[in-house]
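Q: Shown below is the structure under consideration.
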Number of protein chains: 4
Amino acid sequence: MQVSIACTEHNLKSRNGEDRLLSKQSSAAPNVVNAARAKFRTVAIIARSLGTFTPQHHISLKESTAKQTGMKYRNLGKSGLRVSCLGLGTWVTFGGQISDEVAERLMTIAYESGVNLFDTAEVYAAGKAEVILGSIIKKKGWRRSSLVITTKLYWGGKAETERGLSRKHIIEGLKGSLQRLQLEYVDVVFANRPDSNTPMEEIVRAMTHVINQGMAMYWGTSRWSAMEIMEAYSVARQFNMIPPVCEQAEYHLFQREKVEVQLPELYHKICYQWLKERIVSEEGRKQQNKLKDLSPIAERLGCTLPQLAVAWCLRNEGVSSVLLGSSTPEQLIENLGAIQVLPKMTSHVVNEIDNILRNKPYSKKDYRS
Amino acid sequence: MQVSIACTEHNLKSRNGEDRLLSKQSSAAPNVVNAARAKFRTVAIIARSLGTFTPQHHISLKESTAKQTGMKYRNLGKSGLRVSCLGLGTWVTFGGQISDEVAERLMTIAYESGVNLFDTAEVYAAGKAEVILGSIIKKKGWRRSSLVITTKLYWGGKAETERGLSRKHIIEGLKGSLQRLQLEYVDVVFANRPDSNTPMEEIVRAMTHVINQGMAMYWGTSRWSAMEIMEAYSVARQFNMIPPVCEQAEYHLFQREKVEVQLPELYHKICYQWLKERIVSEEGRKQQNKLKDLSPIAERLGCTLPQLAVAWCLRNEGVSSVLLGSSTPEQLIENLGAIQVLPKMTSHVVNEIDNILRNKPYSKKDYRS
Amino acid sequence: MQVSIACTEHNLKSRNGEDRLLSKQSSAAPNVVNAARAKFRTVAIIARSLGTFTPQHHISLKESTAKQTGMKYRNLGKSGLRVSCLGLGTWVTFGGQISDEVAERLMTIAYESGVNLFDTAEVYAAGKAEVILGSIIKKKGWRRSSLVITTKLYWGGKAETERGLSRKHIIEGLKGSLQRLQLEYVDVVFANRPDSNTPMEEIVRAMTHVINQGMAMYWGTSRWSAMEIMEAYSVARQFNMIPPVCEQAEYHLFQREKVEVQLPELYHKICYQWLKERIVSEEGRKQQNKLKDLSPIAERLGCTLPQLAVAWCLRNEGVSSVLLGSSTPEQLIENLGAIQVLPKMTSHVVNEIDNILRNKPYSKKDYRS
Amino acid sequence: MQVSIACTEHNLKSRNGEDRLLSKQSSAAPNVVNAARAKFRTVAIIARSLGTFTPQHHISLKESTAKQTGMKYRNLGKSGLRVSCLGLGTWVTFGGQISDEVAERLMTIAYESGVNLFDTAEVYAAGKAEVILGSIIKKKGWRRSSLVITTKLYWGGKAETERGLSRKHIIEGLKGSLQRLQLEYVDVVFANRPDSNTPMEEIVRAMTHVINQGMAMYWGTSRWSAMEIMEAYSVARQFNMIPPVCEQAEYHLFQREKVEVQLPELYHKICYQWLKERIVSEEGRKQQNKLKDLSPIAERLGCTLPQLAVAWCLRNEGVSSVLLGSSTPEQLIENLGAIQVLPKMTSHVVNEIDNILRNKPYSKKDYRS
């Protein structure tokens with residue numbers, strides 16, 4: 001099992017006081033508070049892939065570093081595709097909170113910092129995120145072969161036929177995304193959340209079809225349980241179809257279980273709304289306190305708390321990429337700085353953090369060590 | 001085994017007196033009598049699919065209801081495709097008995113009532129039904145992804161090569177339908193009646209080909225016996241091809257055997273002509289009498305006899321959709337009202353109807369209950 | 001095993017005296033002698049297919065008759081495709097001996113007589129036969145779906161890469177044929193003669209590829225031994241590819257062995273030149289004498305000798321179609337008349353012919369009776 | 001196991017004195033020295049293919065000779081494709097050392113001498129070699145079906161995503177080559193060097209995809225070990241995909257081991273730089289001395305040393321083609337002359353050469369004899 005790319009967001013609503021703890025700069029103004037939220041959001045994104053089961057195909061996640069930018073690259077899940085270990089998400093900000101000009105500046109900063117992974121989805125800002133992403137790529141003239149563009153099929157269509165992961169929805173949904181993106185193909189198409197109402201054979205067959213038709217290079221899962229990924233994999237093998245290469249999962253300081261231990265049934269029904277609510281709940285308050293306790297470590301390492309959180313995710317070599325949801329150039333630059341914090345994540349520091357978090361999952365067999 | 005969509009018609013010739021019993025409105029004029037016939041026709045259409053045999057892929061036909069229209073949606077056969085439980089057939093009326101204006105009004109009423117399934121065939125009105133259906137869809141600008149368009153390959157070509165289910169006929173026949181429909185693909189292509197003169201491998205291979213070429217999303221059978229469907233399924237598994245997702249079968253008050261019990265050899269040689277004759281035969285007269293006996297139940301439930309008949313079909317949760325062959329807006333609206341009758345189909349009412357019909361098929365093992 | 005379509009030619013050079021025996025009309029003029037040759041040629045064409053091995057897929061060669069023309073239709077080999085039992089070959093005459101006007105008249109007569117099978121090849125008249133065939137089809141406006149167009153890949157290219165049945169030659173050769181024919185696809189593409197220098201897997205894979213790409217509906221073999229057909233079939237099954245549906249073989253009064261008995265190694269090295277020579281050889285003279293002896297039978301049945309020869313081929317119900325190589329309208333009409341002779345081919349007449357020919361092949365097991 | 005096509009280069013830097021030994025003409029001027037280098041280079045290219053394992057598909061490498069040019073043709077690896085036993089490489093010269101006019105003259109001489117194999121790669125002169133090759137083919141109007149065009153996917157892209165043999169890089173890389181070549185497809189696409197960082201399944205699946213999409217006729221490996229080729233082959237069989245047909249390997253007087261004996265792990269990490277260095281090293285000096293000792297043999301046979309070296313490669317009947325890297329018309333004509341030297345390579349001469357080289361690999365089982 002390997003951990004690969006990642007994307008979700010906490011989308012925290014402004015909660016004043018606590019937010020200030022999240023960042024050094026978060027002193028007073030609501031603006032700064034917003035920035036703090038966005039920074040924390042970056043941590044919330046991670047993914048896990050189903051590794052190859054046969055030992056002869058085992059891939060060591062060989063990390064390479066770009067000389068100019070210092071960016072690190074890892075294989076996406078079990079594929080041969082090389083992605084920057086920090087990616088840029090477009091989920092809420094593009095077409096939503098930020099202007100097209102800021103979107104372009106963010107993408108330019110990311111691209112010039114060595115980021116090659118840009119993640120979007122058909123539902124982000126009702127398709128507008130895809131439109132903006134696509135038009136910036138076209139305008140900038142970046143070579144297609146140097147970019148990894150991923151999109152996600154949600155179930156958010158208005159019509160009943162646009163819900164679920166039927167062959168019809170997968171094909172039509174991806175065609176729609178490609179039109180909005182002005183692209184011939186995406187690199188990875190994710191099936192967001194499993195659909196127990198559609199036979200797994202139909203899902204895998206449709207994903208194999210869009211890959212064979214040249215509409216995508218790979219397919220992955222998003223928020224699926226290990227059990228469901230396993231079923232997709234078996235069905236692909238049974239009918240000689242193409243298996244998924246990676247899983248997008250939530251992974252951050254307070255969400256370690258799924259990624260770090262292989263539990264077969266994991267938050268099957270996590271939804272957006274529930275995340276929003278949790279953050280303002282009692283549990284959320286406790287988490288804020290723990291973040292407060294992490295601040296001295298960040299200060300000692302000479303970094304911000306968000307940088308510490310991103311670096312903590314990256315220390316897990318099973319993680320291919322952490323998607324950043326930055327909405328201002330300043331935040332993005334700050335987040336990208338996590339690369340420099342990574343070498344400071346010694347086992348001593350990681351233990352210190354573990355002692356504060358007290359949520360290290362118990363596993364009889366450590367697959368990563 | 002699951003029951004899914006449906007389409008055939010009785011095409012009853014005007015038989016005066018008896019017809020009047022079929023509908024509350026059917027009082028005197030020949031017009032009204034025609035309406036009555038058409039209403040009964042709606043009941044005559046149903047389909048059955050070959051379910052998945054492996055229990056792990058079992059799909060519960062989870063029904064959902066649209067808030068605005070009250071329309072219910074079910075999975076089409078064993079696929080993940082969601083179809084309205086009432087569909088609109090275009091078989092005789094489009095391009096035939098009714099004008100293009102009425103056709104458009106019927107489709108608009110259906111669409112706005114939540115109907116997303118529109119069924120046609122290459123032979124309906126010699127292709128004219130497809131032309132009209134296609135041009136209305138284009139004119140109305142309905143999103144393709146919100147529609148489920150199905151067509152059927154008949155053996156009605158003039159040339160010898162256009163008969164049977166040869167690879168040549170399947171591919172050329174479907175291409176012709178798509179041109180008339182002005183569509184890139186249909187959602188389901190049905191093979192009407194099995195063709196013992198063509199190897200099953202050739203049929204399944206050709207159906208898989210048109211799906212892989214993007215000309216159809218799924219394929220189904222129409223009026224095939226369980227034995228023949230089983231052979232198609234086995235051949236698909238043997239050569240790793242795409243199996244059919246559903247079967248269109250006749251299912252109504254007087255045709256329960258095939259859908260309700262799994263008999264391997266079922267009316268292998270039913271044909272149109274025979275249906276026409278049967279209705280005026282002795283057996284037909286008996287059926288008219290039974291309909292007379294059902295009238296009080298309909299009146300008690302506050303609905304018309306056709307509504308009762310449609311609701312009776314829908315009570316079978318194995319049925320994905322009942323196709324309506326309405327030819328006037330009034331009939332269509334009446335038929336769509338069956339949705340409201342469905343909750344009234346209690347086991348008590350169903351038993352009452354059974355006692356009148358006295359044709360409940362005997363099955364050692366009830367697959368549905 | 002089933003016998004299906006057919007094509008080769010004797011291309012007999014004018015040999016005066018003997019030729020006169022071949023036809024009633026062949027009295028004196030060289031013109032008439034030519035006609036006689038051409039008539040005999042029609043008999044030389046036949047094909048055999050590899051039947052399905054599994055009994056459940058067994059197809060009975062159900063013959064049907066067109067009411068208007070009296071033409072009979074049979075399944076092409078083991079496919080579901082219906083072909084007229086008489087087809088029109090274009091091998092030497094089109095683009096060669098006859099003018100384009102005569103070619104068009106021949107095709108028109110054939111088409112209006114119910115012939116739907118037209119056979120050509122890339123090498124016939126160096127591609128000109130295909131060009132003429134294609135342009136006549138286009139000019140006449142015949143529906144593509146009513147025609148069965150077949151072509152053959154020869155090894156006659158100038159370049160080394162255009163020889164053999166490499167993937168490159170199969171794909172490029174067929175593309176060339178389609179361009180000359182102005183068609184999107186042919187119905188059957190034949191691989192002429194086996195190529196021991198190319199792996200069978202490569203041949204079957206390339207044939208499957210052109211079918212999947214929509215460039216052909218089926219593929220067949222031509223002049224392959226039963227052993228080689230069997231290998232193609234096994235390789236297709238092994239890698240889940242598309243097996244050939246029929247074999248074109250020489251079959252006439254003096255060439256019965258291959259078609260009537262399943263011998264594994266049959267005239268592996270028959271070539272054109274050898275055929276030409278044989279006809280003027282000692283063996284050829286004996287055959288002419290036998291034809292002389294058959295004349296009284298033809299006269300008694302009220303037909304010409306060529307008609308008798310064609311009808312004799314058709315009496316074998318394993319034969320799908322006999323290709324006619326007529327070069328004048330008169331000959332073609334005469335040849336088409338063989339249909340009327342077919343009912344007169346009683347077992348008594350067939351025995352009489354057998355006693356004259358004395359070449360009935362011996363088989364322990366008669367697959368056809 | 002069969003040996004097939006070939007391509008690499010020594011790219012020897014000018015080393016004055018020694019170079020003069022390499023060619024009769026190499027007397028004084030630096031120009032002549034360059035020519036000498038280029039001539040030696042021609043010998044350095046060879047390839048080996050993974051033969052079919054099942055004996056029934058065994059292909060005898062039947063060699064044929066063109067009457068007009070005397071050029072010999074062999075099957076490319078285990079495919080049915082016929083290639084000239086001398087091919088033209090474009091690696092350094094095209095778009096680099098030589099002008100476009102000279103490139104055209106070289107190609108014309110080669111083509112008119114019966115050469116049908118032209119080899120290029122995306123990295124040669126940063127894509128310029130492909131552009132020149134493509135434009136000459138277009139200008140000359142040579143029939144595509146008479147040419148065998150091969151290209152190689154290197155890992156030389158600037159972006160991280162353009163390194164390795166990921167599905168993305170294989171597809172995008174080949175698309176780029178085709179655009180530069182102005183071709184619809186290449187005949188063989190080679191995967192240069194294995195990529196242990198990408199699963200073999202992904203590589204074979206992507207190669208099968210580009211073949212199925214019509215972008216290539218075959219695929220091969222370049223500089224892979226027998227072990228790695230074996231893995232590609234097994235994976236292709238496991239998932240019913242298309243196996244590679246040949247391997248390009250270095251094969252010349254001083255590099256015999258890989259091609260002549262089947263060792264499972266062979267110079268796994270040969271790289272360009274190392275080759276350059278080796279030639280000027282102590283080992284290189286010894287090789288120059290051996291070449292000096294071979295000169296009398298060449299003189300006795302009435303040929304130049306480069307001709308002797310090419311003929312020595314061709315004597316191995318497992319070799320499909322030796323690629324020539326000539327950069328002047330004179331060299332090319334000289335190199336093509338090796339065909340005439342081939343018949344003089346008697347076992348006596350080969351033994352003489354072996355005694356001088358003293359590098360004949362030891363093999364318990366000689367697969368070639």
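Residue names in the structure tokens use chain letters A, B, ... in the order shown, residue numbers from 1 in each chain, and ligand numbers from 1 in the order shown.
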Hey, what's within 8 Å of Gly70 (chain D) if we count only C-alpha atoms and toss same-chain stuff fewer than 5 positions away? As a PyMOL selection string, please?
A: chain D and resi 65+114+339
Q: Determine, counting only C-alpha atoms, which protein, DNA and RNA residues have an atom within 9 Å of an atom of Asn212 (chain C); residues of the same chain fewer than 4 positions away are not included. Present the result as a VMD selection string.
A: (chain B and resid 209 213) or (chain C and resid 207 to 208 216 to 217)
Q: Could you write out as a ChimeraX atom specification the residues of chain B within 10 Å of chain A, counting only C-alpha atoms?
A: /B:52,56-62,64-66,72-75,78-84,114,116,143-148,187,211-214,216-218,237,239-242
Q: Region 200-233 of chain A: which residues are helix (DSSP H, G or I) by DSSP, as number ranges by chain?
A: A: 200-212, 226-233
Q: Find the residues near Leu314 (chain B): any atom within 10 Å, counting only C-alpha atoms, skip ones fewer than 2 places away on the same chain, and give them as a list in words.
A: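 Listing them by chain and then by number gives Ile46, Cys85, Leu86, His252, Leu308, Ala309, Val310, Ala311, Trp312, Asn316, Glu317, Gly318, Val319, Ser320, Ser321, Val322, Ala338, Ile339, Val341, Leu342 and Met345 of chain B.
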Q: Can you pull out every residue within 12 Å of Glu101 (chain A), counting only C-alpha atoms, but drop anything in the same chain fewer than 5 positions away, and send it as a list in words?
A: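 My list of contacting residues is Thr93, Phe94, Gly95, Leu106, Met107, Thr108, Ile132, Leu133, Ser135, Ile136, Ser327, Thr328 and Pro329 of chain A.
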Q: Mind giving me the straight-line distance from CA of Lys139 (chain B) to CA of Thr90 (chain B) in Å, one decimal?
A: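 Taking CA of Lys139 (chain B) as the start and CA of Thr90 (chain B) as the end point, the length is 17.2 Å.
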Q: Expressed in Å to a single decimal, how great is the separation between CA of Gln287 (chain A) and CA of Gly325 (chain A)?
A: 20.4 Å
Q: Hey, can you check how far CA of Gln68 (chain A) sits from CA of Ile333 (chain A)?
A: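 We find that CA of Gln68 (chain A) and CA of Ile333 (chain A) lie 15.8 Å from each other.
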Q: Pick out the residues sitting within 9 Å of Lys175 (chain D), and hand them over as number ranges by chain; count only C-alpha atoms, and ignore anything fewer than 5 positions along from it in its own chain.
A: D: 170, 180, 215
Q: Take the residues from that selection and put them in a file with C-alpha atoms, as an mmCIF file, in the first residue's frame.
A:
data_model
loop_
_atom_site.group_PDB
_atom_site.id
_atom_site.type_symbol
_atom_site.label_atom_id
_atom_site.label_comp_id
_atom_site.auth_asym_id
_atom_site.auth_seq_id
_atom_site.Cartn_x
_atom_site.Cartn_y
_atom_site.Cartn_z
ATOM 1 C CA ILE D 170 5.037 7.247 -23.724
ATOM 2 C CA ARG D 180 7.786 16.342 -35.945
ATOM 3 C CA MET D 215 0.265 5.439 -33.643
#
Q: Here is a test: counting only C-alpha atoms, which residue of D:Ile353, D:Leu181, D:Leu291, D:Met71 is nearest to Ala110 (chain D)?
A: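 Among D:Ile353, D:Leu181, D:Leu291, D:Met71, it is D:Met71 that comes nearest to Ala110 (chain D).
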Q: Using only C-alpha atoms, which residues sit within 7 Å of Gly89 (chain C) once same-chain residues fewer than 4 positions away are excluded, as a ChimeraX atom specification?
A: /C:118-120,323-325
